[in-house]
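Q: My structure is below; once you've seen it, I'll send some questions.
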Amino acid sequence: MSNFEQLLNGFGNALTPSILIYGFAGCLAGTLVGVLPGIGPALTIALLLPLTFKAPAVAMFVLFAGIYYGGMYGGSTTAILLNTPGESASVVTSLEGNKMAKRGLAGPALATAAIGSFVAGTIGTIALTFFAPIVVSVALTFGPAEYFSLMVLAAVSVTAVLGNSVVRGMTSLSLGLIIGLVGIDLQSGQPRFTFGGIMELLNGVEVVVAVVGLFAVGDALFLAWQGREKIKKTIIISPKNKWYNWMTKKDWKRSWKPWLRGSFFGFFIGALPTGGAEVPTLLSYYTEKKLSKKPEEFGKGAIEGVAGPEAANNAAAAGVLMPLLTLGIPTSATAAVLLSAFESYGIRPGPTLLTQQSNLVWTLIASLYIGNVILLILNYPLVGIWVKILKIPSQWLYVGVIIISSAGVYGAGRSSFDLALLFFFGLIGYFFRRFDFPAAPLIIGLILGPMAEQSLRQAMIIGMGEWTTFVTRPISATILFIAFVLFLSPFLINFYSKKKKTI
Amino acid sequence: MFNFFIKLLNKKISMKINRRKFMAFAGTSAAVLGMPNWALSQSKVIFDNLNIFVPAAPGGGWDGLGRAIEAASKAAGLTNSIQIENVGGAGGMVGLPKFVNDKKGQGNTIMIGGSVMVGAGITNKSPVTIKDVIPIARLTEEAGAIVVPTSGKIKNWNDFTSALKANPKAVSVAGGSAGGTDHQLLGLIIKALGGNAKDAAYVAFQGGGPANAAILGGQVSAGISGYSELEEHINSGKMKIIAVSGNTRISGVNAPTIKELGLNVVAANWRGIFAAPGVSTEQKGKIIDYITKLNTSEPWKKILVERKWTNVFLTGDAFQKALNEDIKNTEGVLKDLGLA
């Protein structure tokens with residue numbers, strides 16, 4: 001049977017009432033956990049694993065797929081409305097999204113995020129259906145040297161998120177890089193920056209704790225301080241228009257290209273064994289800022305800066321499923337939990353999964369298409385409800401945010417130390433807001449730093465200590481060349497435009 | 001909505017959810033025995049309530065052992081209720097101090113541990129190590145496997161050893177965290193071949209996924225991991241197994257031991273249980289009695305076969321002696337690797 005026939009077969013299995021109910025429940029739960037800061041799809045699926053003994057495999061995987069995709073949809077909501085990303089993959093979304101909300105454009109921001117997620121999810125799923133083996137075989141040619149070069153490229157794109165003051169942006173980024181060094185070094189097994197033996201620090205700083213602390217808790221503290229100083233309240237206007245014109249014609253026109261580009265970054269980098277969903281959102285943001293005809297709008301609420309990254313993190317979710325379904329290799333926390341779900345049904349995902357369990361796999365893939373539609377239907381009308389959150393007086397809203405994020409962080413690690421760390425990051429977040437430092441570079445440093453360091457050292461060990469390994473490997477050299485050109489381009493453009501003027 | 005999520009979190013905290021999963025399993029195991037669950041549990045319950053402390057996140061090897069103990073003791077009627085607590089991170093070094101401090105003198109709490117914990121305590125120079133808990137029993141062992149990418153230059157054990165002899169730095173080997181059992185095995189092989197273990201081109205990866213991807217993609221010359229992590233890839237023909245590190249071959253696996261191949265290297269990842277400091281001799285005796293009964297029970301034997309775990313049961317003074325020896329050997333290997 002061809003892939004297409006098997007997919008149709010999968011649709012046949014997935015489009016039964018009982019399976020659809022599981023899919024709907026998964027999408028709803030996924031959206032909710034995506035919205036709540038600190039609680040992600042990995043934790044939710046882990047909590048639901050025991051159900052695998054009660055329900056048939058097909059039903060459970062449809063449920064899990066819904067949660068997985070739903071989490072990516074929901075992550076953007078609080079990022080846009082409250083400047084509180086629920087997941088590290090939506091940090092970049094908050095940059096423009098929250099600025100849009102502050103300008104009274106919460107509706108279009110949420111709408112482009114929802115539709116962008118749908119477009120990217122569908123493109124990612126189509127790629128998963130027809131090109132998974134090809135994409136994965138390309139992904140496997142990426143070794144540590146290529147990852148390092150990719151991190152260099154990402155580092156160049158960090159310039160896009162530094163904000164108005166380069167010094168402040170670099171301070172924030174450096175702080176993130178330093179915090180990323182905390183814990184046991186993978187290549188030597190030695191502890192670093194653990195203050196002589198704080199055991200909880202051995203495992204490093206959880207990115208989600210830093211995200212939630214810096215954004216959610218930091219904002220709440222800032223608001224508390226503002227309240228005392230009687231500084232006028234930031235007014236956020238909600239859209240009053242109807243659902244069919246949340247996005248104007250102009251918004252559509254400005255969104256569709258970022259959706260497509262974001263999808264491409266997302267599903268390819270998501271398919272890499274150590275890709276993740278954060279790097280593609282960053283690359284997408286950088287690309288949109290560079291390609292935009294109105295780059296001055298970035299930092300004030302440009303819709304492209306929401307459309308691209310949101311598409312990227314959803315497509316990455318599909319990308320992560322490629323190595324999982326074709327090789328049985330989990331590349332994210334959620335994929336690892338899905339793997340143990342397979343195992344509890346006695347299925348060992350591996351290179352033979354597609355042939356031995358083709359019915360299950362194709363039903364799962366079909367359910368991803370259906371889940372995307374359900375999520376769009378579910379999330380698009382919710383935009384109208386979500387924006388009403390902004391009508392809640394902020395002191396009440398932020399009490400809720402602090403309670404949920406504290407509960408989420410404690411629940412994920414069961415550690416009171418994590419809770420202390422959350423409020424430590426909250427304090428940093430407060431000072432950042434107070435003195436106008438951007439928070440996003442810290443998170444990006446925290447994510448990119450360890451990845452770059454480890455892949456550099458892995459590549460050096462494999463390359464027998466020769467630095468040339470980065471330029472003699474064709475893919476690595478190409479990526480480095482692109483990074484170099486992009487890094488130089490602002491200087492070159494500057495140089496030539498000055499030259500023209502003098503002539 | 002808030003209530004719902006707090007409830008969800010509470011559930012996670014008490015780990016009741018996974019109990020339910022295994023109660024179902026326990027039920028089926030009892031059915032296999034042909035005896036109702038309650039009949040068994042009335043006869044010889046040793047612990048009314050047992051706490052299992054797993055110093056690792058759900059899903060790994062220690063967690064698997066903890067949950068297997070839970071399932072088997074319930075099926076065998078040795079315990080009524082079991083709580084599992086996971087505190088993960090850094091080869092057990094985050095959980096271990098917590099166990100030592102919080103569970104002091106608690107006779108109904110056991111901790112899962114093993115060779116990884118021995119090594120992690122040494123490389124991290126942790127103030128709290130496996131010496132601070134009371135060894136109860138060694139239970140299982142899993143041999144390491146050495147694999148090469150099928151497309152690679154190295155095709156067999158001879159290629160591997162001659163390349164290592166020529167220049168260990170040119171033979172990159174992928175595995176888990178530095179200083180772990182995979183790294184130690186490579187160090188032992190290089191030393192046995194007459195080289196310097198510090199020259200090992202060991203590439204540490206975070207978790208089995210990225211390491212397997214690097215091996216499959218031919219990014220490294222070889223890879224070392226527990227056999228179960230590699231099984232699917234070996235069966236599919238994308239990786240070739242060239243040796244296993246145990247004392248004997250793994251049943252059903254066509255690969256020689258390193259010993260058979262002429263090198264005197266044996267290494268395996270053992271796992272066992274420990275009690276908290278401050279438990280009385282009487283309490284310790286009760287736990288040993290419990291685990292000894294568990295070891296001979298049918299549900300436990302069945303699990304060992306299912307998971308391909310080698311039974312290396314050892315308890316009391318014999319285990320203490322073996323553990324001391326393991327600590328001494330591990331210190332030696334890690335010194336050779338330049339990590340201790």
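Order determines the names: the first chain of the structure tokens is A, the second B, and so forth; residues in each chain are numbered 1 upward, and ligands are numbered 1 upward as they are shown.
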Quick one: everything within 8 Å of stretch 79-81 of chain A, counting only C-alpha atoms, minus sequence neighbours fewer than 4 positions away in the same chain. Send it as a PyMOL selection string.
A: chain A and resi 75+85-86+90-91+93-94+96-101+106+109-110+387+390
Q: So that I have them on file, write out the residues from the current selection with C-alpha atoms, as a compact mmCIF listing (two decimals), in the first residue's frame.
A:
# COMPACT_ATOMS: atom_id res chain seq x y z
CA GLY A 75 1.63 28.39 24.72
CA PRO A 85 5.23 32.53 28.01
CA GLY A 86 3.98 29.19 29.25
CA SER A 90 6.87 30.83 23.09
CA VAL A 91 9.38 33.28 24.58
CA THR A 93 6.29 35.07 20.50
CA SER A 94 5.92 37.31 23.54
CA GLU A 96 6.00 41.22 19.45
CA GLY A 97 2.81 39.57 20.67
CA ASN A 98 2.66 41.40 23.96
CA LYS A 99 3.55 44.70 22.30
CA MET A 100 0.62 44.13 19.94
CA ALA A 101 -1.68 43.43 22.88
CA ALA A 106 -4.53 41.31 21.11
CA ALA A 109 -2.07 38.64 17.49
CA LEU A 110 -3.97 35.69 18.93
CA VAL A 387 -8.86 38.77 25.39
CA LEU A 390 -7.32 41.48 30.16
Q: For chain A against chain B, with a cut-off of 7 Å and counting only C-alpha atoms, what is the closest atom pair and its distance in Å to one decimal for every residue that makes the cut, ordered by chain and number, as JSON lines?
A:
{"residue": "A:Leu47", "atom": "CA", "partner": "B:Lys12", "partner_atom": "CA", "distance": 6.7}
{"residue": "A:Pro50", "atom": "CA", "partner": "B:Lys21", "partner_atom": "CA", "distance": 4.7}
{"residue": "A:Phe53", "atom": "CA", "partner": "B:Lys21", "partner_atom": "CA", "distance": 6.4}
{"residue": "A:Leu140", "atom": "CA", "partner": "B:Gly217", "partner_atom": "CA", "distance": 4.6}
{"residue": "A:Thr141", "atom": "CA", "partner": "B:Gly217", "partner_atom": "CA", "distance": 5.7}
{"residue": "A:Gly143", "atom": "CA", "partner": "B:Gln219", "partner_atom": "CA", "distance": 5.6}
{"residue": "A:Leu186", "atom": "CA", "partner": "B:Ser177", "partner_atom": "CA", "distance": 5.5}
{"residue": "A:Gln187", "atom": "CA", "partner": "B:Ala178", "partner_atom": "CA", "distance": 5.3}
{"residue": "A:Ser188", "atom": "CA", "partner": "B:Ala178", "partner_atom": "CA", "distance": 5.2}
{"residue": "A:Gly189", "atom": "CA", "partner": "B:Ala178", "partner_atom": "CA", "distance": 4.9}
{"residue": "A:Gln190", "atom": "CA", "partner": "B:Asn124", "partner_atom": "CA", "distance": 5.4}
{"residue": "A:Pro191", "atom": "CA", "partner": "B:Asn124", "partner_atom": "CA", "distance": 5.8}
{"residue": "A:Gly197", "atom": "CA", "partner": "B:Ser126", "partner_atom": "CA", "distance": 6.9}
{"residue": "A:Met199", "atom": "CA", "partner": "B:Val94", "partner_atom": "CA", "distance": 5.2}
{"residue": "A:Glu200", "atom": "CA", "partner": "B:Val94", "partner_atom": "CA", "distance": 5.7}
{"residue": "A:Leu202", "atom": "CA", "partner": "B:Ala90", "partner_atom": "CA", "distance": 6.0}
{"residue": "A:Asn203", "atom": "CA", "partner": "B:Gly89", "partner_atom": "CA", "distance": 5.4}
{"residue": "A:Pro273", "atom": "CA", "partner": "B:Pro210", "partner_atom": "CA", "distance": 5.6}
{"residue": "A:Thr274", "atom": "CA", "partner": "B:Pro210", "partner_atom": "CA", "distance": 6.5}
{"residue": "A:Ile329", "atom": "CA", "partner": "B:Gly209", "partner_atom": "CA", "distance": 4.9}
{"residue": "A:Pro330", "atom": "CA", "partner": "B:Gly209", "partner_atom": "CA", "distance": 5.4}
{"residue": "A:Thr331", "atom": "CA", "partner": "B:Gly209", "partner_atom": "CA", "distance": 6.2}
{"residue": "A:Ser340", "atom": "CA", "partner": "B:Gly59", "partner_atom": "CA", "distance": 6.9}
{"residue": "A:Gly350", "atom": "CA", "partner": "B:Glu232", "partner_atom": "CA", "distance": 5.7}
{"residue": "A:Pro351", "atom": "CA", "partner": "B:Ser236", "partner_atom": "CA", "distance": 6.4}
{"residue": "A:Gly411", "atom": "CA", "partner": "B:Leu9", "partner_atom": "CA", "distance": 5.5}
{"residue": "A:Arg414", "atom": "CA", "partner": "B:Ile13", "partner_atom": "CA", "distance": 7.0}
{"residue": "A:Gln458", "atom": "CA", "partner": "B:Val203", "partner_atom": "CA", "distance": 5.6}
{"residue": "A:Ile461", "atom": "CA", "partner": "B:Ala201", "partner_atom": "CA", "distance": 5.8}
{"residue": "A:Ile462", "atom": "CA", "partner": "B:Ser172", "partner_atom": "CA", "distance": 5.4}
{"residue": "A:Met464", "atom": "CA", "partner": "B:Lys169", "partner_atom": "CA", "distance": 6.1}
Q: Could you turn the residues from that selection into a file that holds N, CA and C atoms, as a short mmCIF file (atom, residue, chain, number, x, y, z; two decimals), in the first residue's frame?
A:
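After the write, out_24.cif holds the following:
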data_model
loop_
_atom_site.label_atom_id
_atom_site.label_comp_id
_atom_site.auth_asym_id
_atom_site.auth_seq_id
_atom_site.Cartn_x
_atom_site.Cartn_y
_atom_site.Cartn_z
N LEU A 47 1.31 12.31 33.30
CA LEU A 47 0.24 12.11 34.28
C LEU A 47 -0.82 11.15 33.76
N PRO A 50 -0.95 6.28 33.07
CA PRO A 50 -1.65 5.12 33.66
C PRO A 50 -2.90 4.72 32.90
N PHE A 53 -3.52 1.56 30.47
CA PHE A 53 -3.96 0.21 30.78
C PHE A 53 -5.47 0.05 30.62
N LEU A 140 20.23 13.01 10.17
CA LEU A 140 21.31 12.19 10.74
C LEU A 140 22.69 12.60 10.24
N THR A 141 22.74 13.33 9.12
CA THR A 141 24.04 13.79 8.65
C THR A 141 24.53 14.98 9.48
N GLY A 143 26.06 16.23 12.54
CA GLY A 143 26.81 15.80 13.71
C GLY A 143 27.05 16.99 14.61
N LEU A 186 28.65 17.83 31.03
CA LEU A 186 28.40 16.53 30.39
C LEU A 186 29.69 15.84 29.95
N GLN A 187 30.65 16.60 29.43
CA GLN A 187 31.85 15.99 28.86
C GLN A 187 32.90 15.60 29.88
N SER A 188 32.82 16.13 31.10
CA SER A 188 33.85 15.78 32.08
C SER A 188 33.27 15.24 33.38
N GLY A 189 31.96 15.36 33.54
CA GLY A 189 31.33 14.87 34.76
C GLY A 189 31.59 15.72 35.98
N GLN A 190 32.24 16.88 35.80
CA GLN A 190 32.58 17.72 36.95
C GLN A 190 31.51 18.80 37.18
N PRO A 191 31.23 19.10 38.47
CA PRO A 191 30.25 20.15 38.76
C PRO A 191 30.84 21.55 38.53
N GLY A 197 28.72 22.74 46.31
CA GLY A 197 27.95 21.55 46.65
C GLY A 197 26.49 21.77 46.98
N MET A 199 23.38 20.61 46.08
CA MET A 199 23.07 19.42 45.28
C MET A 199 22.02 19.71 44.20
N GLU A 200 21.06 20.58 44.54
CA GLU A 200 19.98 20.85 43.59
C GLU A 200 20.50 21.51 42.32
N LEU A 202 23.24 20.65 40.78
CA LEU A 202 24.03 19.72 39.97
C LEU A 202 23.37 19.48 38.62
N ASN A 203 22.04 19.49 38.61
CA ASN A 203 21.35 19.17 37.37
C ASN A 203 21.16 20.40 36.48
N PRO A 273 18.15 15.62 15.80
CA PRO A 273 18.15 14.93 17.09
C PRO A 273 18.36 15.84 18.30
N THR A 274 19.03 16.99 18.17
CA THR A 274 19.07 17.88 19.33
C THR A 274 18.59 19.28 18.93
N ILE A 329 13.76 7.33 18.10
CA ILE A 329 14.67 8.20 18.84
C ILE A 329 13.89 9.40 19.37
N PRO A 330 13.77 9.52 20.70
CA PRO A 330 13.08 10.67 21.26
C PRO A 330 14.02 11.87 21.32
N THR A 331 13.58 13.04 20.84
CA THR A 331 14.46 14.20 20.84
C THR A 331 13.92 15.33 21.70
N SER A 340 7.67 6.08 26.15
CA SER A 340 7.32 5.14 27.22
C SER A 340 5.87 4.72 27.11
N GLY A 350 10.90 1.80 16.76
CA GLY A 350 12.22 1.61 16.18
C GLY A 350 12.07 1.64 14.69
N PRO A 351 13.12 1.25 13.98
CA PRO A 351 13.05 1.31 12.53
C PRO A 351 11.93 0.45 11.95
N GLY A 411 5.14 21.32 41.11
CA GLY A 411 4.61 20.02 40.68
C GLY A 411 5.54 19.33 39.71
N ARG A 414 8.85 18.72 42.10
CA ARG A 414 8.65 18.36 43.49
C ARG A 414 9.79 18.87 44.36
N GLN A 458 32.04 18.22 21.72
CA GLN A 458 31.83 16.91 21.07
C GLN A 458 32.51 16.90 19.71
N ILE A 461 36.27 16.61 20.04
CA ILE A 461 36.74 15.26 20.38
C ILE A 461 36.71 14.39 19.12
N ILE A 462 35.58 14.46 18.39
CA ILE A 462 35.46 13.64 17.18
C ILE A 462 36.50 14.06 16.15
N MET A 464 39.43 15.07 16.59
CA MET A 464 40.78 14.92 17.13
C MET A 464 41.43 16.27 17.44
#
Q: May I ask for the distance between atom CA of B:Ile291 and atom CA of B:Ser81, given in Å to one decimal place?
A: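 Atom CA of B:Ser81 lies at a distance of 15.5 Å from atom CA of B:Ile291.
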Q: Looking only at the backbone, which of the residues in stretch 102-256 of chain B does DSSP tag as strand (DSSP E), as a ChimeraX atom specification?
A: /B:109-114,134-149,172-175,201-204,222-226,239-244
Q: Write out as a ChimeraX atom specification each polymer residue whose atoms come within 12 Å of A:Phe424, counting only C-alpha atoms; drop sequence neighbours fewer than 4 positions from it.
A: /A:205,209-215,217-218,221,417-420,428-431
Q: Apply DSSP to the backbone of this structure and, from stretch 131-377 of chain A, keep only the residues in helix (DSSP H, G or I); write these as a PyMOL selection string.
A: chain A and resi 131-140+144-161+166-180+199-201+207-229+243-245+249-271+278-291+295-297+304-327+333-344+353-356+358-377
Q: Neighbouring residues of A:Gly30 were defined as those with any atom within 6 Å, considering only C-alpha atoms; residues of the same chain fewer than 3 positions away were excluded. Please report them as a list in words.
A: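 In the requested format, the answer is Gly26, Cys27, Val33, Gly34, Ile67, Gly70 and Gly71 of chain A.
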Q: Excluding stretch 262-273 of chain B and any residue of its chain fewer than 3 positions from it, enumerate the residues within 7 Å of it, using only C-alpha atoms, and give them as a PyMOL selection string.
A: chain B and resi 110-115+135-144+181+185+188-189+192+245-247+258-259
